[in-house]
Each structure stands twice: as C-alpha cells, then as structure tokens.
Amino acid sequence: MCGIIGYAGEKNAVEIVYRGLINLEYRGYDSAGAAFGINGRTVVFKRQGRVEKLKPLLEGLASGIGIGHTRWATHGSPSDINAHPHTSGKITLVHNGIIENYSELKAELEKGGAVFKSQTDSEVIAALMSVYYCGDILGALYKTVKRLKGSYAIMAVAEGENVIAAARHKSPVVIGYGNGGYYCASDEPVLSGECGEVSFLKDGDFALIKPDGVRIFDGELRETERKKQKNLAQAGSLELGGFAHYMLKELRQSPAAVKNTVTAFAEAEDKIRGALSGVNRIIFIGCGTAYHAGLIGKIYVEDIARMPAEAETAGEFRYKNPIVNKNTAVVAVSQSGETADTLEGARLAKSLGARVIAVTNAPYSQLTRIADTVVPVCAGAEICVAATKSYTGQIAALYMLALLLAGKNAEGGGLSGLPEICKNVADGADVYALSRLCAFSKGVYFLGRGLDYAVALEASLKLKEVSYIPSEGYPAGELKHGTLALIDNATVSVFIATDKSLTDKYKNSVEQVISRGGIAAIITDIDELETAFKGRAHIIKLPCCRGHLSPLVTATAVQLLAYETAVSLGLNPDKPRNLAKSVTVE
Ligand code: F6R
C-alpha cells in the first residue's frame, strides 16, 4: 500500500533509496519515484511502472539525502504525473495513505492560485505545506497535518534544507539507526542489513532525520524519545535465494513458520493464558487470507475448547454494532498488523470492553500496540503479495490458542513431525497437470466441508489472486443448491477432502460433478476416494493429514497449485495486478 523510504547521512542516498524501493516494491508497483538533494537543489525522478525503470535515470548520481516512493494507486491512475514525489514551491514529498478531505483542500488552494499537475490527494499535501513554509520545514509540516483528515505517512524535504521531516497518522513510519546515516521507512524489513536498531513513530508523531542524527517530536511538537529496539527482520530475508519467485520460496518456508510459531507460543503461553482468563466467547476478525485463518480458528475453538466462537471479516465487524463484553476475546489476525480494517475492528472491540488478542507476524506493528496480548506468528518477512507461510503460521498459532483454551497441553499438541509433512507436500505434491487444467479452464470451484471448506475459500482466493482465473470456494453440500448450474466441461471442481467420516458425502458430490460433464479433482489423504475415482477424477494424494491439523497440509498443496497455475500462464505470482501487500487504507 505504497512504500516510502528516506535517508540522510554520509553514504550515497541514491543507492540506498533505490535499493530500498526495490525491497519495498511489494507494497505497490504502479509507479516509483525519488528526490535527492544535489548542489542545494531538490532533483526529482519518477516513472510509471516498476522501480527498475528509475535505474537508468539514477546512474552515476550521488547525494547525501533522499526520499523515495513506490505507489499503489488510490487517487489518480498509474502514470508518470501521478507518481510521487510531488513538488510545490520549495517542498517535495512522498506520502502513503489517503487524505479524505483532499477535494475541499484542493478547492481552497486553487482559489488561492495553486495549480495542480496530478490527480492525487498527495499533491494537495505538498501544496498546503508550501503555503505554510517559511524556512522551517517541521513547522510547515505540523500546520499542514493539522488540516488533514485520513491517514498518512509523509516524508518531506525543502530545497536548501539538509533534513527530512516525517509525520505519521495511521500509516507506519519506522526510524532506522545505521552506520553513518539515519533512515525512515514504511517497515523494518526494508532496513534489515542497513540498520541494527529501529524505533517506531506513534500516531501523531513527527521526526527530523538529518545526516548527524534523528529528533522525534510528539503531536504537540514536544521533543520526545521512542524506544530503540533491535531490528528483528533478518538480513537476507528479502533475497530470492535461488528461487524463481518469492511465492515458491515462501510457501516452502511454511514448515519453519509452523515450527517457530509453536516455539514462540510456548514462550508467550503464560501471558496469553492470563489475557484469556474468564473469556467465554471468541470472535476472530481479519481480512482476506487472515480472515480465512480466523475461520479455521473458529472451528478449532468450538471443536477443541467447546467454546462459542465466530469469525467475521474485519471490514464488516468494524461497521456494525457488535455484541461484545469483558468476557469476549476479539482475536485480530493479521500478517502485517497494519491492515486498516483490522486495526479499526480491534480498536472498536477494545472501546466496547472486549479483550483484544493480536495474532500477527509483525511484532512491532500497530496491532500489537492496540492489543492486550500478542500471539506471535513467526513466519519471517513475507514479500510475495499473496500470503503463504504467514497463513500456515497463523493456523499453527490458532491451533495452540484453542489447545490453551481447552486447558490441554499446548506443548507440541500433536504438531511434531507436521513441519516435515508440509515440507514433503511443498517439495513433492504433483500439481502440475491439475494446474494446466485450471490454467485453461473458464472457472475453478473449490469445495470442502468443515476445515476443508475453510481451506477451499483460501484456495480460491489464492488462485484468483495470482492467476486471474475466476474461482469460488463453496461448502461441498451447497453444490446442488445452485453452483451445479455452472458445471460444464470447461470448469474444474477441486474437492478438498480430508475428513474420513465424510467419505460417502464426498463421493456423492464428486459423482454429481462428473455426471454433469465437469472436470473433477480431489486433494485428499483418503485411500478410498483415490480408489473410487481413479481414472475418472484428477487425484492429488496427500500424506496423512491428521484431523485438526489437516489445513497445514492442504494449504501447502493449494498454494502450490495456485503458484504453478500462475507460472504456467506466464504471470508473475509475486506481484499480481492491482494488488499490494498490506492494505493500510480503506
Ligand atoms: C491474500 C492476502 C490478503 C491479506 C489481507 C490481510 O493472499 O495476502 O488477502 O491476507 O490483505 O492482510 P494482513 O494479514 O496483513 O492483515
């Protein structure tokens, strides 16, 4: 959702900002741009498209200060003109977020004679700041943000001043302390390898980043400190490491994500137990894949802990009048911990007196600051826009949470050996032929019951996200209530079937698809289904899926299927069109 970076110091800002933008590109890839202080002037470079388009423009340049931006378009289509940075008078800035009152501000500035080149809300910030600027960049930024409604992370420079001024509200800004220079950025993984220590601006904070140090101010411009913390993002996590795509690299890291999450849960167990004491109802909230993990969490809590549980998309939850009280735990699931709807859902739950538990892969994210306690997901940096290892990490964390609620021994919980099984599926599941069928179909339906249905929803999201093939996930029992009308010889129906007790039900559903001339596929560990449909349906045979833990195995298989399908269509699964990794705006 737009990535921004700034640097001031003794190294070459041009190289640092360019490298940073390459690593931030997963946050948006509609356009890229940068501005550098060169001989007392601010020089701007920007292009529609991928960051690498900036490379020839930056060749041979040197500067000690710079800001950069990679864009996921919200206001104004992807174009050179709409690319950041935006300049007005002496001010040049980059922005991540959405300014909700930009039309009113624009009209006011136009009355005063301002002329706008772009269709963006961000150019309005630059114009406003330029009106307030009279030699003091921090003062101008302060006056400007007081007029803004919406969300923003802003980094601004003023011609002739050797400093970056930053401000944030609802969009993240991390300050980095490097060797020979200071950084500001949208997230800490981009600073891995550059900064051993980071600190996080709070909502309403400002910062001045200079070649010789950083000063942080609160919302009233009182100088303050924000705790320096170790940068936990591991150097090297942003590299492909010999894989063709991040999606493949990351789905193969699922076993480690599961293992590390289980270990971290054991360490945090006492705190989590404390936060859950007296809780008698659980509501899972999240968006996209994280919501799908929440659906699995709901089944775990009901089945294992026998406690009432619900799962809802955070975007729906935040706009209703939820029934919660001090005995309700709202479990907010989010890889990034920065998704706007999930944060607002968590804030609402907290304001209504519920306990808020964050299940997140981002230990320093905003969500962790809202939550009463954190259930860590230890998947490591996830660069591919499509979530893979964070989903399996979330499932492992939610399984442990359900065991804890049930008062069962959370240590291990039957998970030992499971990472090995996931690894074997990631390495060995032969999804190639099925991926070809999907790639050339006119629609793919994923069907399942219970946990398999929850994974079917995620399978469908993953496939449509990276391959653009229309797809739906359905409860298998619903097939005959409407979806069957869509089945013909150009559609593929993929059954996810791991619940042995439902073998006969699955048989019926698969027969129904075959008898209507549809292409049927079954992802299963059930021998009887393999025997019954050999030669009539496409079978992906899995190793034993172990009941409640089946989603960890089936998820890996469907992620691999989506990946292979995208690749066979010549698409880049890491950067699906129109999408960005963390959705920090509404
Ligand atoms: C899909 C995907 C998205 C995210 C969703 C929530 O592959 O990645 O659906 O799951 O945008 O993001 P987080 O988990 O960061 O809150």
# chains A, B, ... in the order shown; residues from 1 in each chain; ligands from 1
>>> residues_near_ligand(ligand="ligand 1", cutoff="8 Å", atoms="only C-alpha atoms and all ligand atoms", output="list in words")
Gly286, Cys287, Gly288, Thr289, Ala290, Tyr291, Val333, Ser334, Gln335, Ser336, Gly337, Glu338, Thr339, Thr342, Thr360, Val385, Ala386, Ala387, Thr388, Ser390, Tyr391, Leu461, Lys462, Glu465, Lys581, Ser582 and Val583 of chain A
>>> residues_around(residues="A:Ser441", least_positions_apart="3", cutoff="10 Å", atoms="only C-alpha atoms", output="ChimeraX atom specification")
/A:435-438,444,469-470,489-492,519
>>> write_last_selection(atoms="C-alpha atoms", output="mmCIF file, in the first residue's frame")
data_model
loop_
_atom_site.group_PDB
_atom_site.id
_atom_site.type_symbol
_atom_site.label_atom_id
_atom_site.label_comp_id
_atom_site.auth_asym_id
_atom_site.auth_seq_id
_atom_site.Cartn_x
_atom_site.Cartn_y
_atom_site.Cartn_z
ATOM 1 C CA SER A 435 -2.522 -26.566 -12.724
ATOM 2 C CA ARG A 436 -2.654 -26.898 -16.523
ATOM 3 C CA LEU A 437 -6.339 -27.866 -16.322
ATOM 4 C CA CYS A 438 -7.019 -24.843 -14.104
ATOM 5 C CA VAL A 444 -12.380 -23.281 -10.824
ATOM 6 C CA ILE A 469 -8.944 -17.200 -13.200
ATOM 7 C CA PRO A 470 -12.497 -16.809 -11.874
ATOM 8 C CA ASN A 489 -16.580 -29.458 -19.426
ATOM 9 C CA ALA A 490 -14.681 -26.149 -19.211
ATOM 10 C CA THR A 491 -14.908 -25.851 -15.424
ATOM 11 C CA VAL A 492 -12.758 -27.596 -12.835
ATOM 12 C CA ILE A 519 -13.717 -31.886 -14.665
#
>>> residues_around(residues="A:Thr565", least_positions_apart="5", cutoff="10 Å", atoms="only C-alpha atoms", output="PyMOL selection string")
chain A and resi 431-440+463-464+466-469+559-560+570-571+573
>>> write_last_selection(atoms="C-alpha atoms", output="CSV table (one decimal), in the first residue's frame")
chain,number,residue,atom,x,y,z
A,431,VAL,CA,0.1,-30.4,-9.0
A,432,TYR,CA,1.5,-29.7,-12.5
A,433,ALA,CA,-1.2,-31.5,-14.5
A,434,LEU,CA,-4.0,-30.0,-12.4
A,435,SER,CA,-2.5,-26.6,-12.7
A,436,ARG,CA,-2.7,-26.9,-16.5
A,437,LEU,CA,-6.3,-27.9,-16.3
A,438,CYS,CA,-7.0,-24.8,-14.1
A,439,ALA,CA,-5.0,-22.5,-16.3
A,440,PHE,CA,-7.1,-23.3,-19.3
A,463,LEU,CA,-5.8,-19.0,-7.3
A,464,LYS,CA,-7.8,-15.9,-8.5
A,466,VAL,CA,-2.2,-14.9,-8.8
A,467,SER,CA,-3.7,-16.4,-12.0
A,468,TYR,CA,-6.8,-14.1,-12.5
A,469,ILE,CA,-8.9,-17.2,-13.2
A,559,GLN,CA,-0.8,-22.7,-2.6
A,560,LEU,CA,1.4,-24.8,-4.8
A,570,GLY,CA,3.4,-16.7,-17.8
A,571,LEU,CA,2.3,-14.5,-14.9
A,573,PRO,CA,2.7,-14.5,-8.9
>>> residues_around(residues="A:Lys210", least_positions_apart="3", cutoff="7 Å", atoms="only C-alpha atoms", output="PyMOL selection string")
chain A and resi 8+162-164+182+213-214
>>> residues_around(residues="A:Phe217", least_positions_apart="2", cutoff="9 Å", atoms="only C-alpha atoms", output="list in words")
Gly204, Asp205, Phe206, Ala207, Leu208, Arg215, Gly219, Glu220, Leu221, Arg222, Glu223, Thr224 and Glu225 of chain A
>>> write_last_selection(atoms="C-alpha atoms", output="short mmCIF file (atom, residue, chain, number, x, y, z; two decimals), in the first residue's frame")
data_model
loop_
_atom_site.label_atom_id
_atom_site.label_comp_id
_atom_site.auth_asym_id
_atom_site.auth_seq_id
_atom_site.Cartn_x
_atom_site.Cartn_y
_atom_site.Cartn_z
CA GLY A 204 0.66 11.90 15.65
CA ASP A 205 4.48 11.91 15.95
CA PHE A 206 6.90 13.92 13.85
CA ALA A 207 10.60 13.35 13.17
CA LEU A 208 13.54 15.23 11.71
CA ARG A 215 14.92 14.07 16.58
CA GLY A 219 1.80 15.59 18.34
CA GLU A 220 2.36 18.97 20.00
CA LEU A 221 5.96 19.22 18.77
CA ARG A 222 7.44 18.48 22.18
CA GLU A 223 10.73 16.67 21.68
CA THR A 224 10.41 13.08 22.84
CA GLU A 225 12.01 9.64 22.57
#
>>> residues_around(residues="A:Thr392", least_positions_apart="3", cutoff="9 Å", atoms="only C-alpha atoms", output="compact mmCIF listing (two decimals) with C-alpha atoms, in the first residue's frame")
# COMPACT_ATOMS: atom_id res chain seq x y z
CA LEU A 251 5.48 -21.49 0.67
CA SER A 254 5.92 -22.95 5.82
CA PRO A 255 7.43 -25.81 7.86
CA ALA A 257 6.95 -20.89 10.09
CA VAL A 258 4.91 -23.60 11.85
CA ALA A 293 -7.28 -18.36 9.07
CA ALA A 379 6.88 -16.74 9.58
CA THR A 388 1.50 -18.33 2.08
CA LYS A 389 3.73 -19.11 5.06
CA ILE A 395 -3.16 -21.69 11.61
CA ALA A 396 -0.48 -23.15 13.91
CA ALA A 397 -0.89 -20.22 16.32
CA PRO A 551 -5.23 -27.34 6.93
CA LEU A 552 -1.46 -27.14 7.34
CA VAL A 553 -1.08 -29.86 4.73
CA ALA A 555 -2.98 -25.27 2.43
CA THR A 556 0.50 -26.06 1.17
>>> atom_distance(atom1="atom CA of A:Glu239", atom2="atom CA of A:Ile16")
16.0 Å
>>> closest_residue(among="A:Ile282, A:Val374, A:Ile209, A:Leu502", to="A:Lys298", atoms="only C-alpha atoms")
A:Ile282
>>> select_by_dssp(residues="stretch 230-358 of chain A", states="helix (DSSP H, G or I)", output="PyMOL selection string")
chain A and resi 246-252+254-276+288-305+314-317+340-351
>>> atom_distance(atom1="atom CA of A:Val455", atom2="atom CA of A:Asp427")
19.6 Å
>>> decode(residues="stretch 221-249 of chain A", atoms="N, CA, C and O atoms", output="PDB file, in the first residue's frame")
ATOM      1  N   LEU A 221       4.577  18.823  19.090  1.00  0.00           N
ATOM      2  CA  LEU A 221       5.960  19.223  18.774  1.00  0.00           C
ATOM      3  C   LEU A 221       6.868  19.319  19.996  1.00  0.00           C
ATOM      4  O   LEU A 221       7.842  20.060  19.980  1.00  0.00           O
ATOM      5  N   ARG A 222       6.523  18.576  21.041  1.00  0.00           N
ATOM      6  CA  ARG A 222       7.442  18.482  22.184  1.00  0.00           C
ATOM      7  C   ARG A 222       8.452  17.380  21.873  1.00  0.00           C
ATOM      8  O   ARG A 222       8.027  16.269  21.488  1.00  0.00           O
ATOM      9  N   GLU A 223       9.718  17.684  22.014  1.00  0.00           N
ATOM     10  CA  GLU A 223      10.729  16.670  21.681  1.00  0.00           C
ATOM     11  C   GLU A 223      10.562  15.471  22.615  1.00  0.00           C
ATOM     12  O   GLU A 223      10.334  15.627  23.822  1.00  0.00           O
ATOM     13  N   THR A 224      10.652  14.285  22.057  1.00  0.00           N
ATOM     14  CA  THR A 224      10.406  13.079  22.836  1.00  0.00           C
ATOM     15  C   THR A 224      11.330  11.961  22.366  1.00  0.00           C
ATOM     16  O   THR A 224      12.112  12.141  21.427  1.00  0.00           O
ATOM     17  N   GLU A 225      11.207  10.794  23.014  1.00  0.00           N
ATOM     18  CA  GLU A 225      12.011   9.644  22.570  1.00  0.00           C
ATOM     19  C   GLU A 225      11.090   8.483  22.286  1.00  0.00           C
ATOM     20  O   GLU A 225      10.071   8.339  22.945  1.00  0.00           O
ATOM     21  N   ARG A 226      11.423   7.703  21.324  1.00  0.00           N
ATOM     22  CA  ARG A 226      10.712   6.443  21.077  1.00  0.00           C
ATOM     23  C   ARG A 226      11.753   5.341  21.191  1.00  0.00           C
ATOM     24  O   ARG A 226      12.798   5.416  20.539  1.00  0.00           O
ATOM     25  N   LYS A 227      11.411   4.342  22.006  1.00  0.00           N
ATOM     26  CA  LYS A 227      12.376   3.293  22.372  1.00  0.00           C
ATOM     27  C   LYS A 227      13.070   2.688  21.150  1.00  0.00           C
ATOM     28  O   LYS A 227      12.414   2.301  20.182  1.00  0.00           O
ATOM     29  N   LYS A 228      14.405   2.628  21.239  1.00  0.00           N
ATOM     30  CA  LYS A 228      15.148   1.938  20.178  1.00  0.00           C
ATOM     31  C   LYS A 228      15.031   0.443  20.414  1.00  0.00           C
ATOM     32  O   LYS A 228      15.173  -0.015  21.544  1.00  0.00           O
ATOM     33  N   GLN A 229      14.758  -0.302  19.362  1.00  0.00           N
ATOM     34  CA  GLN A 229      14.615  -1.747  19.507  1.00  0.00           C
ATOM     35  C   GLN A 229      15.485  -2.435  18.458  1.00  0.00           C
ATOM     36  O   GLN A 229      15.772  -1.853  17.417  1.00  0.00           O
ATOM     37  N   LYS A 230      15.829  -3.669  18.759  1.00  0.00           N
ATOM     38  CA  LYS A 230      16.614  -4.443  17.798  1.00  0.00           C
ATOM     39  C   LYS A 230      15.771  -4.647  16.530  1.00  0.00           C
ATOM     40  O   LYS A 230      14.568  -4.938  16.636  1.00  0.00           O
ATOM     41  N   ASN A 231      16.370  -4.470  15.385  1.00  0.00           N
ATOM     42  CA  ASN A 231      15.637  -4.764  14.141  1.00  0.00           C
ATOM     43  C   ASN A 231      15.585  -6.279  13.974  1.00  0.00           C
ATOM     44  O   ASN A 231      16.596  -6.914  13.674  1.00  0.00           O
ATOM     45  N   LEU A 232      14.387  -6.850  14.201  1.00  0.00           N
ATOM     46  CA  LEU A 232      14.272  -8.313  14.188  1.00  0.00           C
ATOM     47  C   LEU A 232      14.244  -8.895  12.772  1.00  0.00           C
ATOM     48  O   LEU A 232      14.394 -10.091  12.585  1.00  0.00           O
ATOM     49  N   ALA A 233      14.008  -8.018  11.778  1.00  0.00           N
ATOM     50  CA  ALA A 233      13.962  -8.521  10.393  1.00  0.00           C
ATOM     51  C   ALA A 233      15.361  -9.018  10.032  1.00  0.00           C
ATOM     52  O   ALA A 233      16.351  -8.326  10.252  1.00  0.00           O
ATOM     53  N   GLN A 234      15.403 -10.242   9.508  1.00  0.00           N
ATOM     54  CA  GLN A 234      16.719 -10.833   9.253  1.00  0.00           C
ATOM     55  C   GLN A 234      17.274 -10.398   7.914  1.00  0.00           C
ATOM     56  O   GLN A 234      16.555 -10.402   6.908  1.00  0.00           O
ATOM     57  N   ALA A 235      18.563 -10.033   7.929  1.00  0.00           N
ATOM     58  CA  ALA A 235      19.224  -9.697   6.667  1.00  0.00           C
ATOM     59  C   ALA A 235      19.142 -10.915   5.762  1.00  0.00           C
ATOM     60  O   ALA A 235      19.235 -12.044   6.219  1.00  0.00           O
ATOM     61  N   GLY A 236      18.914 -10.698   4.489  1.00  0.00           N
ATOM     62  CA  GLY A 236      18.840 -11.830   3.559  1.00  0.00           C
ATOM     63  C   GLY A 236      17.417 -12.283   3.323  1.00  0.00           C
ATOM     64  O   GLY A 236      17.116 -12.958   2.345  1.00  0.00           O
ATOM     65  N   SER A 237      16.469 -11.879   4.234  1.00  0.00           N
ATOM     66  CA  SER A 237      15.095 -12.342   4.069  1.00  0.00           C
ATOM     67  C   SER A 237      14.442 -11.721   2.841  1.00  0.00           C
ATOM     68  O   SER A 237      13.405 -12.168   2.385  1.00  0.00           O
ATOM     69  N   LEU A 238      15.053 -10.653   2.312  1.00  0.00           N
ATOM     70  CA  LEU A 238      14.452 -10.000   1.149  1.00  0.00           C
ATOM     71  C   LEU A 238      15.006 -10.560  -0.157  1.00  0.00           C
ATOM     72  O   LEU A 238      14.630 -10.130  -1.232  1.00  0.00           O
ATOM     73  N   GLU A 239      15.917 -11.528  -0.034  1.00  0.00           N
ATOM     74  CA  GLU A 239      16.502 -12.075  -1.263  1.00  0.00           C
ATOM     75  C   GLU A 239      15.762 -13.320  -1.728  1.00  0.00           C
ATOM     76  O   GLU A 239      15.168 -14.033  -0.930  1.00  0.00           O
ATOM     77  N   LEU A 240      15.846 -13.592  -3.046  1.00  0.00           N
ATOM     78  CA  LEU A 240      15.132 -14.747  -3.600  1.00  0.00           C
ATOM     79  C   LEU A 240      15.809 -16.074  -3.241  1.00  0.00           C
ATOM     80  O   LEU A 240      15.146 -17.119  -3.230  1.00  0.00           O
ATOM     81  N   GLY A 241      17.109 -15.996  -2.987  1.00  0.00           N
ATOM     82  CA  GLY A 241      17.842 -17.191  -2.554  1.00  0.00           C
ATOM     83  C   GLY A 241      17.752 -18.347  -3.545  1.00  0.00           C
ATOM     84  O   GLY A 241      17.574 -19.494  -3.133  1.00  0.00           O
ATOM     85  N   GLY A 242      17.837 -18.047  -4.830  1.00  0.00           N
ATOM     86  CA  GLY A 242      17.873 -19.109  -5.841  1.00  0.00           C
ATOM     87  C   GLY A 242      16.506 -19.555  -6.330  1.00  0.00           C
ATOM     88  O   GLY A 242      16.402 -20.338  -7.278  1.00  0.00           O
ATOM     89  N   PHE A 243      15.420 -19.080  -5.702  1.00  0.00           N
ATOM     90  CA  PHE A 243      14.076 -19.457  -6.162  1.00  0.00           C
ATOM     91  C   PHE A 243      13.643 -18.541  -7.311  1.00  0.00           C
ATOM     92  O   PHE A 243      14.088 -17.389  -7.401  1.00  0.00           O
ATOM     93  N   ALA A 244      12.770 -19.057  -8.148  1.00  0.00           N
ATOM     94  CA  ALA A 244      12.285 -18.239  -9.272  1.00  0.00           C
ATOM     95  C   ALA A 244      11.390 -17.115  -8.773  1.00  0.00           C
ATOM     96  O   ALA A 244      11.345 -16.035  -9.357  1.00  0.00           O
ATOM     97  N   HIS A 245      10.638 -17.384  -7.711  1.00  0.00           N
ATOM     98  CA  HIS A 245       9.709 -16.378  -7.179  1.00  0.00           C
ATOM     99  C   HIS A 245       9.671 -16.461  -5.655  1.00  0.00           C
ATOM    100  O   HIS A 245       9.884 -17.519  -5.066  1.00  0.00           O
ATOM    101  N   TYR A 246       9.313 -15.317  -5.039  1.00  0.00           N
ATOM    102  CA  TYR A 246       9.133 -15.302  -3.579  1.00  0.00           C
ATOM    103  C   TYR A 246       8.015 -16.254  -3.170  1.00  0.00           C
ATOM    104  O   TYR A 246       8.067 -16.874  -2.118  1.00  0.00           O
ATOM    105  N   MET A 247       6.981 -16.378  -3.997  1.00  0.00           N
ATOM    106  CA  MET A 247       5.848 -17.218  -3.584  1.00  0.00           C
ATOM    107  C   MET A 247       6.309 -18.651  -3.348  1.00  0.00           C
ATOM    108  O   MET A 247       5.941 -19.280  -2.350  1.00  0.00           O
ATOM    109  N   LEU A 248       7.161 -19.153  -4.260  1.00  0.00           N
ATOM    110  CA  LEU A 248       7.653 -20.522  -4.106  1.00  0.00           C
ATOM    111  C   LEU A 248       8.592 -20.612  -2.899  1.00  0.00           C
ATOM    112  O   LEU A 248       8.477 -21.521  -2.071  1.00  0.00           O
ATOM    113  N   LYS A 249       9.490 -19.632  -2.785  1.00  0.00           N
ATOM    114  CA  LYS A 249      10.426 -19.622  -1.644  1.00  0.00           C
ATOM    115  C   LYS A 249       9.627 -19.628  -0.329  1.00  0.00           C
ATOM    116  O   LYS A 249       9.911 -20.410   0.574  1.00  0.00           O
TER     117      LYS A 249
END
